[in-house]
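Worksheet for the structure shown next.
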Amino acid sequence: MAIAAAAGKMAAGDRALPGVGPGRRGAAPTGGPGPSGRRRPRVRAGRRGARDARGLFIMQFTHPCVVILLVGLKLSNVAGDCSFNKSQSHCTCSLLDQENLGNIIQCLPASVFELRGGNLEKFAHFASISVEDSVLDMLQSLQVTKIIFGDLLVPEVLLAAVMKFFSYMRITELEFENCTFLGKTTWFHMDMLLLPISSLRFHKVTSVSLADRDKDFSHLSGWLETLNNLTVTQSQVTSIPCSIGKVFRTLRYLDVSENSLQDQSMKTSFCPGAFPQLQVLKLHHNNLSSFHTICETLPQLEKLVHLDLSQNELTISPSSSCKWQSSLHTLNLSTTGLDHITLPLPPTIKVLDVSSNNLHALDLALPFLKELYLSNNRLQAVPSAKNYPALEVLSLDGNLISGLPRYELQSLRHLQSLRAGRNPYNCSCVAAREIQALASTGSLMLHWPQDYTCESPSPYQGTLVKDVPTSALQCNKAIVIAPVSVLLALSCLAGIICFA
């Protein structure tokens, strides 16, 4: 269903997202009530079913549920190969090497289980197998808290079957990397199940379209409504259907970076009522272009704290009057092609990243700003310190700045870190002395002295700023020449008098 399919390929631009639920441990034994009092369906096995399952598993079943059920089924010969990193409590099993899985027993203490490389289609019929109650009881004693599926072809019907076992375990993180989900199935059996999974990640995954699958999401709503973290990256997501966004009532973290979201899909993806508790939204490297459209779309996210729009080619309309929500504290606009910023930002913003753009100046009054990243722009001067009195971190490296105004920078009483290397510094005596004096104030300047070189005057081109002589005698030759000239004149005068 939608959990697996969410980040996959979708028809006619209809793309939806899976979700994540907060951890709920201490699942009740089979047939008992769950943590919130809801009864879990009993998973029972007839004698014939258990006997058939045991035989089939011994012959060939290769899937994470095998590992999950190994203790109860007492199996040791399954196709595949596993390695266990004891120090990291991480077990990795590969389906590409199907000579021996006897060493899978060593993975039972693992907290992280990873399954990679294989086609699980031939195991789809195992989705109907039931297991004994004793096996389900043992699931609660396993230490696995994270499962990773990588480089797999996964029938959705098999995934649905495995998911029901997670309600008996301690799994809080589930990840799919470079997976393809095949077909679709119904998820009605998930109606009463509470999953402990609180973090769900999809990276480079594909699936059938999630169009017209609202019923499947409704079966999962008990879990989806309490999700915390969701990541779907590099999965060609073009939109998030409004109805799906509304399911994630408590989602706080959403990362849909490196997809194909566009301006026209933003209003649908973030419609009123969708993601009401969202605090962190990452839209890095999509196909977004209008800063104004994004600004008008997202204010309904009243609790948004962190917004990442980096690596989108954005344009800003000078006439735009859009205002961001006051809750926004961190805004990343790096590598967006901006040459100016005129839109009013919330005065409470604390972190602003506008690095790697075409800015020639930045004149915004942000009294509560603590971190300002301006690296790799076209600034010719340091921004006015009076606009950022609370600044603690300032990055100016890779610009066109020729000098650092020491007293103005020192007026930033909270400044703890200054990055200003790779600028074409003018190393006249006065300018070089200012930079050297600034660098002498503790560990304020990062990458000093190696990143601070002179561009002018020509005798010092390529010289480290720290190596420029700045003493009074070396800088002001007149101080030396004048007394010498006087002495010479007096000597000549004395010689003339003596001769006379």
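Here's how to read the names in the structure tokens: chain A, B, ... by the order shown, residue numbers from 1 in each chain, ligand numbers from 1 in the order shown.
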**Prompt:** Per DSSP on the backbone, what are the strand (DSSP E or B) residues of region 216-419 of chain A, as a PyMOL selection string?
**Reply:** chain A and resi 229-233+253-255+262+280-282+287+290+306-308+315+330-332+351-353+371-373+393-395+417-419
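Straight-line separation from CA of Thr342 (chain A) to CA of Ala361 (chain A): 11.1 Å.
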**Request:** Mind the document's chain letters and residue numbers, and return as a PyMOL selection string the residues of region 348-481 of chain A that DSSP labels alpha helix (DSSP H).
**Result:** chain A and resi 406-410+429-439+472-475+477-481
With N, CA, C and O atoms kept, could you save the residues just selected as an mmCIF file, in the first residue's frame?
data_model
loop_
_atom_site.group_PDB
_atom_site.id
_atom_site.type_symbol
_atom_site.label_atom_id
_atom_site.label_comp_id
_atom_site.auth_asym_id
_atom_site.auth_seq_id
_atom_site.Cartn_x
_atom_site.Cartn_y
_atom_site.Cartn_z
ATOM 1 N N ARG A 406 37.556 46.337 11.475
ATOM 2 C CA ARG A 406 37.752 45.713 12.782
ATOM 3 C C ARG A 406 36.779 46.225 13.830
ATOM 4 O O ARG A 406 36.146 45.438 14.537
ATOM 5 N N TYR A 407 36.648 47.524 13.968
ATOM 6 C CA TYR A 407 35.819 48.066 15.043
ATOM 7 C C TYR A 407 34.346 47.749 14.854
ATOM 8 O O TYR A 407 33.619 47.514 15.829
ATOM 9 N N GLU A 408 33.898 47.727 13.600
ATOM 10 C CA GLU A 408 32.501 47.389 13.361
ATOM 11 C C GLU A 408 32.229 45.928 13.695
ATOM 12 O O GLU A 408 31.217 45.602 14.325
ATOM 13 N N LEU A 409 33.139 45.039 13.304
ATOM 14 C CA LEU A 409 32.953 43.628 13.626
ATOM 15 C C LEU A 409 33.070 43.374 15.125
ATOM 16 O O LEU A 409 32.363 42.537 15.686
ATOM 17 N N GLN A 410 33.951 44.110 15.776
ATOM 18 C CA GLN A 410 34.092 43.946 17.213
ATOM 19 C C GLN A 410 32.899 44.514 17.973
ATOM 20 O O GLN A 410 32.696 44.193 19.148
ATOM 21 N N CYS A 429 49.158 48.947 4.441
ATOM 22 C CA CYS A 429 49.546 48.828 5.849
ATOM 23 C C CYS A 429 48.346 48.908 6.783
ATOM 24 O O CYS A 429 48.191 48.103 7.696
ATOM 25 N N VAL A 430 47.488 49.904 6.556
ATOM 26 C CA VAL A 430 46.344 50.094 7.435
ATOM 27 C C VAL A 430 45.379 48.917 7.352
ATOM 28 O O VAL A 430 44.938 48.381 8.377
ATOM 29 N N ALA A 431 45.033 48.484 6.126
ATOM 30 C CA ALA A 431 44.079 47.398 5.955
ATOM 31 C C ALA A 431 44.605 46.078 6.505
ATOM 32 O O ALA A 431 43.881 45.336 7.179
ATOM 33 N N ALA A 432 45.881 45.778 6.215
ATOM 34 C CA ALA A 432 46.479 44.537 6.720
ATOM 35 C C ALA A 432 46.544 44.546 8.239
ATOM 36 O O ALA A 432 46.315 43.519 8.898
ATOM 37 N N ARG A 433 46.868 45.718 8.812
ATOM 38 C CA ARG A 433 46.947 45.827 10.274
ATOM 39 C C ARG A 433 45.588 45.572 10.910
ATOM 40 O O ARG A 433 45.484 44.937 11.962
ATOM 41 N N GLU A 434 44.509 46.049 10.263
ATOM 42 C CA GLU A 434 43.156 45.832 10.778
ATOM 43 C C GLU A 434 42.829 44.334 10.829
ATOM 44 O O GLU A 434 42.293 43.833 11.817
ATOM 45 N N ILE A 435 43.147 43.633 9.746
ATOM 46 C CA ILE A 435 42.834 42.200 9.687
ATOM 47 C C ILE A 435 43.672 41.423 10.695
ATOM 48 O O ILE A 435 43.171 40.535 11.396
ATOM 49 N N GLN A 436 44.959 41.765 10.795
ATOM 50 C CA GLN A 436 45.831 41.086 11.750
ATOM 51 C C GLN A 436 45.358 41.311 13.179
ATOM 52 O O GLN A 436 45.368 40.390 14.008
ATOM 53 N N ALA A 437 44.920 42.518 13.480
ATOM 54 C CA ALA A 437 44.441 42.820 14.830
ATOM 55 C C ALA A 437 43.165 42.044 15.133
ATOM 56 O O ALA A 437 42.966 41.549 16.251
ATOM 57 N N LEU A 438 42.293 41.919 14.131
ATOM 58 C CA LEU A 438 41.060 41.171 14.307
ATOM 59 C C LEU A 438 41.353 39.695 14.551
ATOM 60 O O LEU A 438 40.735 39.043 15.394
ATOM 61 N N ALA A 439 42.339 39.174 13.806
ATOM 62 C CA ALA A 439 42.705 37.756 13.947
ATOM 63 C C ALA A 439 43.344 37.464 15.293
ATOM 64 O O ALA A 439 43.326 36.317 15.753
ATOM 65 N N ALA A 472 55.169 50.402 12.383
ATOM 66 C CA ALA A 472 55.194 51.817 12.013
ATOM 67 C C ALA A 472 56.408 52.148 11.168
ATOM 68 O O ALA A 472 56.324 52.896 10.180
ATOM 69 N N LEU A 473 57.560 51.558 11.499
ATOM 70 C CA LEU A 473 58.784 51.859 10.756
ATOM 71 C C LEU A 473 58.713 51.303 9.338
ATOM 72 O O LEU A 473 59.167 51.932 8.385
ATOM 73 N N GLN A 474 58.107 50.095 9.221
ATOM 74 C CA GLN A 474 58.042 49.477 7.901
ATOM 75 C C GLN A 474 56.951 50.090 7.034
ATOM 76 O O GLN A 474 57.084 50.157 5.811
ATOM 77 N N CYS A 475 55.862 50.533 7.658
ATOM 78 C CA CYS A 475 54.748 51.081 6.896
ATOM 79 C C CYS A 475 54.948 52.545 6.514
ATOM 80 O O CYS A 475 54.552 52.964 5.439
ATOM 81 N N LYS A 477 57.688 54.965 5.764
ATOM 82 C CA LYS A 477 59.105 55.201 5.513
ATOM 83 C C LYS A 477 59.491 56.650 5.782
ATOM 84 O O LYS A 477 60.651 56.961 6.048
ATOM 85 N N ALA A 478 58.507 57.543 5.725
ATOM 86 C CA ALA A 478 58.821 58.949 5.978
ATOM 87 C C ALA A 478 59.319 59.150 7.391
ATOM 88 O O ALA A 478 60.127 60.042 7.666
ATOM 89 N N ILE A 479 58.816 58.275 8.305
ATOM 90 C CA ILE A 479 59.254 58.385 9.694
ATOM 91 C C ILE A 479 60.750 58.113 9.803
ATOM 92 O O ILE A 479 61.459 58.692 10.625
ATOM 93 N N VAL A 480 61.259 57.239 8.944
ATOM 94 C CA VAL A 480 62.684 56.908 8.963
ATOM 95 C C VAL A 480 63.479 57.896 8.108
ATOM 96 O O VAL A 480 64.537 58.391 8.503
ATOM 97 N N ILE A 481 62.980 58.227 6.933
ATOM 98 C CA ILE A 481 63.710 59.075 5.991
ATOM 99 C C ILE A 481 63.879 60.497 6.519
ATOM 100 O O ILE A 481 64.955 61.099 6.396
#
**Prompt:** With only C-alpha atoms as the basis for distance, which of A:Val354, A:Leu115, A:Cys271, A:Val468 is at the shortest distance from Tyr425 (chain A)?
**Reply:**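 Smallest distance to Tyr425 (chain A) is found for A:Val468.
Relative to CA of Ser94 (chain A), CA of Glu114 (chain A) is found at 8.4 Å.
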**Request:** Please provide as a VMD selection string all residues within 6 Å of Leu200 (chain A), with the sequence filter that same-chain residues fewer than 3 positions apart are discarded (counting only C-alpha atoms).
**Result:** chain A and resid 20 173 to 175 230
Saved selection, atoms kept: C-alpha atoms, as a PDB file, in the first residue's frame:
ATOM      1  CA  VAL A  20       5.869   7.410  10.238  1.00  0.00           C
ATOM      2  CA  GLU A 173      13.148   3.059  12.359  1.00  0.00           C
ATOM      3  CA  LEU A 174      12.359   1.579   8.964  1.00  0.00           C
ATOM      4  CA  GLU A 175      14.264   2.421   5.767  1.00  0.00           C
ATOM      5  CA  LEU A 230       9.188  11.002   7.146  1.00  0.00           C
TER       6      LEU A 230
END
**Message:** Residues within 7 Å of Ser83 (chain A), please, as number ranges by chain. Count only C-alpha atoms; anything in the same chain fewer than 6 positions from it doesn't count.
**Reply:** A: 91-93
**Request:** Could you jot down the CA of Val157 (chain A) to CA of Phe126 (chain A) separation for me, Å, one decimal place?
**Result:**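 That distance, rounded to one decimal, is 9.4 Å.
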**Item:** For Arg170 (chain A), the nearest of the candidates A:Thr186, A:Ser111, A:Thr330, A:Thr336, counting only C-alpha atoms
**Value:**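 Of A:Thr186, A:Ser111, A:Thr330, A:Thr336, the one nearest Arg170 (chain A) is A:Ser111, counting only C-alpha atoms.
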